[in-house]
file upload.pdb (PDB, C-alpha atoms)
ATOM      1  CA  MET A   7      -0.508 -11.826   4.900
ATOM      2  CA  LYS A   8      -0.504  -8.237   6.173
ATOM      3  CA  VAL A   9      -1.617  -8.046   9.813
ATOM      4  CA  MET A  10      -2.373  -5.133  12.125
ATOM      5  CA  VAL A  11      -2.407  -5.062  15.922
ATOM      6  CA  GLY A  12      -2.495  -2.209  18.379
ATOM      7  CA  GLY A  13      -2.085  -1.336  22.016
ATOM      8  CA  THR A  14      -0.325   0.615  24.711
ATOM      9  CA  PHE A  15       1.918  -2.306  25.682
ATOM     10  CA  ASP A  16       2.837  -0.948  29.114
ATOM     11  CA  PRO A  17       3.973  -2.850  30.935
ATOM     12  CA  LEU A  18       4.561  -5.449  28.223
ATOM     13  CA  HIS A  19       2.964  -8.489  29.877
ATOM     14  CA  ASP A  20       2.238 -12.067  28.807
ATOM     15  CA  GLY A  21      -1.131 -11.050  27.337
ATOM     16  CA  HIS A  22       0.551  -8.489  25.088
ATOM     17  CA  LYS A  23       3.194 -11.017  24.126
ATOM     18  CA  SER A  24       0.468 -13.469  23.136
ATOM     19  CA  LEU A  25      -1.216 -10.789  21.006
ATOM     20  CA  LEU A  26       2.026  -9.906  19.246
ATOM     21  CA  SER A  27       3.049 -13.545  18.791
ATOM     22  CA  ARG A  28      -0.303 -14.408  17.205
ATOM     23  CA  SER A  29       0.099 -11.458  14.833
ATOM     24  CA  PHE A  30       3.475 -12.722  13.621
ATOM     25  CA  GLU A  31       2.173 -16.291  13.394
ATOM     26  CA  LEU A  32      -0.669 -15.156  11.120
ATOM     27  CA  ALA A  33       1.601 -12.979   8.994
ATOM     28  CA  GLY A  34       3.957 -15.859   8.313
ATOM     29  CA  ASN A  35       7.549 -15.601   7.156
ATOM     30  CA  LYS A  36       6.671 -13.640   4.011
ATOM     31  CA  GLY A  37       4.026 -11.407   5.565
ATOM     32  CA  SER A  38       4.154  -8.210   7.563
ATOM     33  CA  VAL A  39       2.896  -6.899  10.879
ATOM     34  CA  ILE A  40       1.991  -3.287  11.571
ATOM     35  CA  ILE A  41       1.911  -2.482  15.274
ATOM     36  CA  GLY A  42      -0.053   0.561  16.327
ATOM     37  CA  LEU A  43       1.457   1.897  19.551
ATOM     38  CA  THR A  44      -0.632   4.430  21.437
ATOM     39  CA  THR A  45       0.801   7.928  21.522
ATOM     40  CA  ASP A  46       1.497   9.578  24.857
ATOM     41  CA  SER A  47      -1.560  11.825  24.514
ATOM     42  CA  PHE A  48      -3.896   8.921  23.676
ATOM     43  CA  ALA A  49      -2.403   6.726  26.412
ATOM     44  CA  SER A  50      -2.907   9.500  28.978
ATOM     45  CA  SER A  51      -6.572   8.472  29.236
ATOM     46  CA  LYS A  52      -5.505   5.255  31.009
ATOM     47  CA  THR A  53      -6.342   4.898  34.683
ATOM     48  CA  HIS A  54      -2.720   4.130  35.530
ATOM     49  CA  PRO A  55       0.617   5.753  34.681
ATOM     50  CA  VAL A  56       2.072   4.929  31.260
ATOM     51  CA  ARG A  57       5.731   5.172  30.317
ATOM     52  CA  PRO A  58       6.677   7.504  27.431
ATOM     53  CA  TYR A  59       6.104   6.332  23.850
ATOM     54  CA  GLU A  60       9.794   5.837  23.055
ATOM     55  CA  GLN A  61      10.332   3.614  26.097
ATOM     56  CA  ARG A  62       7.284   1.491  25.249
ATOM     57  CA  LYS A  63       8.426   1.293  21.633
ATOM     58  CA  GLU A  64      11.857   0.056  22.734
ATOM     59  CA  GLY A  65      10.203  -2.660  24.836
ATOM     60  CA  VAL A  66       8.094  -3.883  21.914
ATOM     61  CA  GLU A  67      11.103  -3.796  19.581
ATOM     62  CA  TYR A  68      13.201  -5.764  22.073
ATOM     63  CA  PHE A  69      10.496  -8.432  22.416
ATOM     64  CA  ILE A  70      10.116  -8.803  18.636
ATOM     65  CA  LYS A  71      13.855  -8.970  18.012
ATOM     66  CA  SER A  72      14.344 -11.499  20.827
ATOM     67  CA  ARG A  73      11.797 -13.799  19.149
ATOM     68  CA  ARG A  74      13.563 -13.492  15.793
ATOM     69  CA  TYR A  75      10.365 -13.309  13.786
ATOM     70  CA  ARG A  76      10.976 -13.448  10.058
ATOM     71  CA  SER A  77       8.008 -11.313   9.033
ATOM     72  CA  GLU A  78       8.578  -7.693   8.166
ATOM     73  CA  TRP A  79       7.245  -5.353  10.826
ATOM     74  CA  SER A  80       6.848  -1.718  11.692
ATOM     75  CA  ILE A  81       5.556   0.335  14.594
ATOM     76  CA  GLU A  82       3.360   3.342  13.940
ATOM     77  CA  PRO A  83       1.833   5.897  16.323
ATOM     78  CA  LEU A  84      -1.770   5.167  17.308
ATOM     79  CA  SER A  85      -3.451   8.428  18.278
ATOM     80  CA  ASP A  86      -7.060   7.185  18.440
ATOM     81  CA  ARG A  87      -9.078   3.940  18.679
ATOM     82  CA  TYR A  88      -8.616   3.064  15.026
ATOM     83  CA  GLY A  89      -5.327   4.443  13.772
ATOM     84  CA  SER A  90      -4.744   3.658  10.108
ATOM     85  CA  ALA A  91      -6.895   0.485  10.275
ATOM     86  CA  THR A  92      -9.922   2.269   8.808
ATOM     87  CA  ARG A  93      -8.041   3.228   5.634
ATOM     88  CA  ALA A  94      -4.969   0.973   5.254
ATOM     89  CA  ASP A  95      -4.679  -1.981   2.906
ATOM     90  CA  PHE A  96      -4.249  -5.063   5.095
ATOM     91  CA  ASP A  97      -5.749  -8.520   5.580
ATOM     92  CA  ALA A  98      -6.242  -9.220   9.270
ATOM     93  CA  LEU A  99      -6.614  -7.515  12.613
ATOM     94  CA  VAL A 100      -5.557  -9.282  15.814
ATOM     95  CA  VAL A 101      -7.423  -8.301  18.988
ATOM     96  CA  SER A 102      -8.139  -9.583  22.473
ATOM     97  CA  GLU A 103     -11.519 -10.368  24.018
ATOM     98  CA  GLU A 104     -11.376  -6.902  25.514
ATOM     99  CA  THR A 105     -10.941  -5.074  22.192
ATOM    100  CA  ILE A 106     -13.115  -7.167  19.849
ATOM    101  CA  PRO A 107     -15.826  -4.426  19.695
ATOM    102  CA  ILE A 108     -13.281  -1.978  18.250
ATOM    103  CA  ALA A 109     -12.422  -4.480  15.499
ATOM    104  CA  HIS A 110     -16.087  -4.652  14.498
ATOM    105  CA  GLU A 111     -16.265  -0.846  14.491
ATOM    106  CA  ILE A 112     -13.227  -0.752  12.198
ATOM    107  CA  ASN A 113     -14.875  -3.105   9.720
ATOM    108  CA  GLY A 114     -18.053  -1.002   9.846
ATOM    109  CA  ILE A 115     -16.120   2.153   9.004
ATOM    110  CA  ARG A 116     -14.213   0.341   6.257
ATOM    111  CA  ARG A 117     -17.500  -0.868   4.736
ATOM    112  CA  LYS A 118     -18.951   2.678   4.779
ATOM    113  CA  ASN A 119     -15.787   3.926   3.051
ATOM    114  CA  GLY A 120     -15.991   1.261   0.337
ATOM    115  CA  LEU A 121     -13.000  -0.736   1.602
ATOM    116  CA  LYS A 122     -12.808  -4.487   1.990
ATOM    117  CA  LYS A 123     -13.627  -6.052   5.316
ATOM    118  CA  VAL A 124     -10.597  -7.462   7.132
ATOM    119  CA  ASP A 125     -10.468 -10.768   8.968
ATOM    120  CA  ILE A 126     -10.658 -10.455  12.732
ATOM    121  CA  HIS A 127      -8.582 -12.853  14.812
ATOM    122  CA  GLN A 128      -9.455 -12.780  18.484
ATOM    123  CA  ILE A 129      -7.104 -14.243  21.033
ATOM    124  CA  SER A 130      -8.192 -15.217  24.511
ATOM    125  CA  CYS A 131      -6.911 -12.980  27.254
ATOM    126  CA  VAL A 132      -4.121 -14.604  29.216
ATOM    127  CA  LEU A 133      -5.160 -15.476  32.742
ATOM    128  CA  ALA A 134      -3.254 -14.759  35.927
ATOM    129  CA  ASP A 135      -2.838 -17.391  38.618
ATOM    130  CA  ASP A 136      -6.153 -16.295  40.162
ATOM    131  CA  GLY A 137      -8.064 -16.997  36.919
ATOM    132  CA  ARG A 138      -8.634 -13.318  36.115
ATOM    133  CA  TRP A 139      -7.183 -11.525  33.083
ATOM    134  CA  ILE A 140      -3.641 -10.240  33.200
ATOM    135  CA  SER A 141      -3.930  -6.491  32.729
ATOM    136  CA  SER A 142      -1.657  -3.498  32.959
ATOM    137  CA  THR A 143      -3.961  -1.982  35.568
ATOM    138  CA  ARG A 144      -3.626  -5.031  37.825
ATOM    139  CA  ILE A 145       0.154  -4.972  37.377
ATOM    140  CA  TYR A 146       0.348  -1.268  38.282
ATOM    141  CA  ARG A 147      -1.824  -1.898  41.350
ATOM    142  CA  GLY A 148       0.734  -4.477  42.469
ATOM    143  CA  GLU A 149      -1.766  -7.369  42.387
ATOM    144  CA  ILE A 150       0.187  -9.449  39.856
ATOM    145  CA  ASP A 151       3.454  -9.398  37.955
ATOM    146  CA  ASP A 152       3.723  -9.287  34.161
ATOM    147  CA  HIS A 153       3.408 -13.091  34.027
ATOM    148  CA  GLY A 154       0.229 -13.156  36.125
ATOM    149  CA  LYS A 155       1.813 -14.353  39.340
ATOM    150  CA  ILE A 156      -0.119 -13.150  42.405
ATOM    151  CA  LEU A 157       1.856 -10.630  44.448
ATOM    152  CA  PHE A 158      -0.585 -10.267  47.336
ATOM    153  CA  SER A 159      -3.959 -11.643  48.373
TER     154      SER A 159
END

call {"tool": "encode", "arguments": {"input": "upload.pdb", "output": "C-alpha cells"}}
result
Amino acid sequence: MKVMVGGTFDPLHDGHKSLLSRSFELAGNKGSVIIGLTTDSFASSKTHPVRPYEQRKEGVEYFIKSRRYRSEWSIEPLSDRYGSATRADFDALVVSEETIPIAHEINGIRRKNGLKKVDIHQISCVLADDGRWISSTRIYRGEIDDHGKILFS
C-alpha cells in the first residue's frame, strides 16, 4: 500500500511518532510512505518558532531509521495544505483528529479532478499527562515535554 502523511514535525513529539508509525504499519513491508514535510515558508505561519527544514528532516529520518521500518519511504517538501496529495497516485492518507478536515478537502479536490478517492486513516491525538493533546505549541510554551509530561502547573 502507498501511504501519505504530512506535517511540520517540530519538535518531533509522541503524537508525531504515532502518526508516522501508523503510516508505516498501514504501508506494510512491501509498501511505501511519502512524508510531506512543511517548507520553511509554509511553517512560518505557525504561532511558535520552527527549526529549519533540513533540521526537521534529519529528525524525521533519524526516527524512521531507528525504528527500522521495512517499507520504502521518502520525504518531500510540503509548501501548502495539500502538497502532492491532490494529484499523486496513492492509496491512503494518515491524519490526526486535528487534520481530518484537510483529508476530506483532499478527497474533494481529487474527485473534482477525476482521481480516485483515497482511504483516510485517522489516529487519535496522543494525550499528555493532563489529558490534553500533546502539541508542538504546548511544548514550545514549556507546558509539557515531547512525551506529554507536565513541566509546570

call {"tool": "resolve_selection", "arguments": {"input": "upload.pdb", "expression": "the PyMOL selection byres ((chain A and resi 139-155) around 9)", "output": "MDAnalysis selection string"}}
result
chainID A and resid 15:21 52:55 131:138 156:159

call {"tool": "residues_around", "arguments": {"input": "upload.pdb", "residues": "segment 100-108 of chain A", "least_positions_apart": "4", "cutoff": "7 Å", "atoms": "only C-alpha atoms", "output": "VMD selection string"}}
result
chain A and resid 10 to 11 25 29 112 126 to 131

call {"tool": "closest_residue", "arguments": {"input": "upload.pdb", "among": "A:Trp79, A:Glu111, A:Gly13, A:Asn119", "to": "Val56 of chain A", "atoms": "all atoms listed in the file"}}
result
A:Gly13

call {"tool": "atom_distance", "arguments": {"input": "upload.pdb", "atom1": "atom CA of Ile40 of chain A", "atom2": "atom CA of Glu60 of chain A"}}
result
16.6 Å

call {"tool": "closest_residue", "arguments": {"input": "upload.pdb", "among": "A:Ser50, A:Ser77, A:Ser38, A:Thr44", "to": "Phe96 of chain A", "atoms": "only C-alpha atoms"}}
result
A:Ser38

call {"tool": "atom_distance", "arguments": {"input": "upload.pdb", "atom1": "atom CA of Tyr88 of chain A", "atom2": "atom CA of Gly42 of chain A"}}
result
9.0 Å

call {"tool": "resolve_selection", "arguments": {"input": "upload.pdb", "expression": "the PyMOL selection byres ((chain A and resi 95) around 9)", "output": "list of chain:residue names"}}
result
A:Lys8, A:Ala91, A:Thr92, A:Arg93, A:Ala94, A:Phe96, A:Asp97, A:Leu121, A:Lys122

call {"tool": "write_last_selection", "arguments": {"input": "upload.pdb", "atoms": "C-alpha atoms", "output": "compact mmCIF listing (two decimals), in the coordinates of the input"}}
result
# COMPACT_ATOMS: atom_id res chain seq x y z
CA LYS A 8 -0.50 -8.24 6.17
CA ALA A 91 -6.90 0.48 10.28
CA THR A 92 -9.92 2.27 8.81
CA ARG A 93 -8.04 3.23 5.63
CA ALA A 94 -4.97 0.97 5.25
CA PHE A 96 -4.25 -5.06 5.10
CA ASP A 97 -5.75 -8.52 5.58
CA LEU A 121 -13.00 -0.74 1.60
CA LYS A 122 -12.81 -4.49 1.99

call {"tool": "atom_distance", "arguments": {"input": "upload.pdb", "atom1": "atom CA of Arg57 of chain A", "atom2": "atom CA of Glu78 of chain A"}}
result
25.8 Å
